Each structure stands twice: as C-alpha cells, then as structure tokens.
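Enquirer: Before we start, here is the structure in question, set down as structure tokens.
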Amino acid sequence: MELLRRAFSSVLGISFGLIIFLTSFFGDYLITLIMPILFLNRHHLWRSLMDRAISFWIIIPITFLEYIFGVKFKLTGDTIDGDRPAIIIMNHRTRLDWMYFWAALFKINPHLLISSKIALKSELRRIPAAGFGMEANQFIFLERKIEEDKKRISEAVYYYSTIGANYQLNGYSTFFVFYYRIVIM
C-alpha cells in the first residue's frame, strides 16, 4: 500500500482537494435545503441538524487522512468531556492541523465533532463553499482587532450558551494568549 501511495501521491493529493471542494459545494446545497426550518422559528432544531450535517462531512477528510494517506494518530493526555463546555488551545504547527484535531476528536468521542467550534481568521470566510459551511457551523471569524473580536467572541459564547448544548471552542495559542480575558469574562 505504501508503494502505491508514493506512486500516486500527486493524484491522491489532487483527488483529496477536489473531493473536499466538491463535497463542500454539495454540503452548501444541503444547508440551504434545511434553512426553511429557521422561518418556522425552530432554531434549536436547525442548529442541531446543522451541527450533525457538518460533522458528517468532517468524516470525509478524516477518512482520507487515515485510510488513503495512511496518517497514524496516537492520542495521549486527558480526554475531553463532551458533557461540559471547554476551551481547547492548540499549537498551530501545520496548515492542516485542524483536520488532525478532527481525527483526534473522532477517536476520543465522535459526538465531539458535533460540538466542536473553531475560532479562525476572517479571511477563511471567503473560501468558496467551505466559507459558507464554516459560517453555518457557527465558527468564530476574527478580524484581529481587539474591539471587534471582543464583541464577536462574546456574541458567540452567548449564542452557544443559549442553545443548551455544551460546545468546545477550539483556537490556536496565538488567539488565546491575546484574547483569553474576553472568553473567560
């Protein structure tokens, strides 16, 4: 299998990119199909469906990483309690570390994919298809301007608390070193 991976590595990489991109377009279509639920004033139902739909999509890159690319994961440390809200601070070492983190969450408890929300830079909102999906999944987009971001984080934490589910807010160390006071207050 390793020999095949090396021989077809560029084909696998292009296939991975295309599949992720095309499925995110299809996912946006599915998101728009369930939007009428919002007009029926059933926001909690919509949020629940949205979180689950996007977590099902997240399984696609996880599957590619593990079974196609052969990435192995070894988890150590404390488990994440899905019954309690949490702030998870990560070290931003690669461009795809959030995908690795999804795989780790899935191994700990697949339900954590549903409750995981990421704080990320606002430029990512503009990625075709994926940006719309990230917004629908209620990710927090930061401008890196303290006053604007303070408001966004406060609104997001308030929103998560009113939904009645325990969410895990994932961010990178540079984000939390600068913004930790906002989230805790």
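Letters A, B, ... mark the chains of the structure tokens in the order given; residue numbers begin at 1 per chain; ligand numbers begin at 1, in order shown.
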For Asp83 of chain A, please output as number ranges by chain all residues within 9 Å (counting only C-alpha atoms; exclusion window: fewer than 4 positions along the same chain).
Expert: A: 165-167
Enquirer: Please report, as a ChimeraX atom specification, each residue of segment 6-180 of chain A to which DSSP assigns helix (DSSP H, G or I) when run on this structure's backbone.
Expert: /A:6-7,9-34,36-39,43-68,97-108,112-115,122-126,130-136,146-163,173-180
Enquirer: Tell me which of A:Phe56, A:Phe132, A:Phe64, A:Phe69 sits closest to Ile31 of chain A, counting only C-alpha atoms.
Expert: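 Closest to Ile31 of chain A of all the choices is A:Phe132.
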Enquirer: Mind listing the strand (DSSP E) residues of segment 35-165 of chain A, per DSSP on the backbone, as a CSV table (one decimal) with C-alpha atoms, in the first residue's frame?
Expert:
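Once written, out_18.csv looks like this:
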chain,number,residue,atom,x,y,z
A,86,ALA,CA,-14.5,23.6,27.0
A,87,ILE,CA,-11.8,25.9,25.5
A,88,ILE,CA,-9.2,23.9,23.7
A,89,ILE,CA,-5.9,25.6,22.9
A,90,MET,CA,-3.9,24.1,20.1
A,116,SER,CA,-16.6,21.5,18.2
A,117,LYS,CA,-16.4,25.1,17.1
A,118,ILE,CA,-13.2,26.8,15.8
A,119,ALA,CA,-12.0,30.4,16.1
A,120,LEU,CA,-10.1,31.3,13.0
A,121,LYS,CA,-9.1,34.3,10.9
A,140,ILE,CA,-15.9,32.4,15.0
A,141,PHE,CA,-14.2,34.6,12.4
A,142,LEU,CA,-11.7,37.0,13.9
Enquirer: Quick one: residues within 9 Å of Leu12 of chain A, only C-alpha atoms counted, chain neighbours fewer than 5 positions away excluded, as a ChimeraX atom specification?
Expert: /A:5,17,68-69
Enquirer: Near Arg52 of chain A, counting only C-alpha atoms, which residues have an atom at most 10 Å away, once you skip same-chain residues fewer than 6 positions from it, shown as a ChimeraX atom specification?
Expert: /A:46,58,111,113-115,137
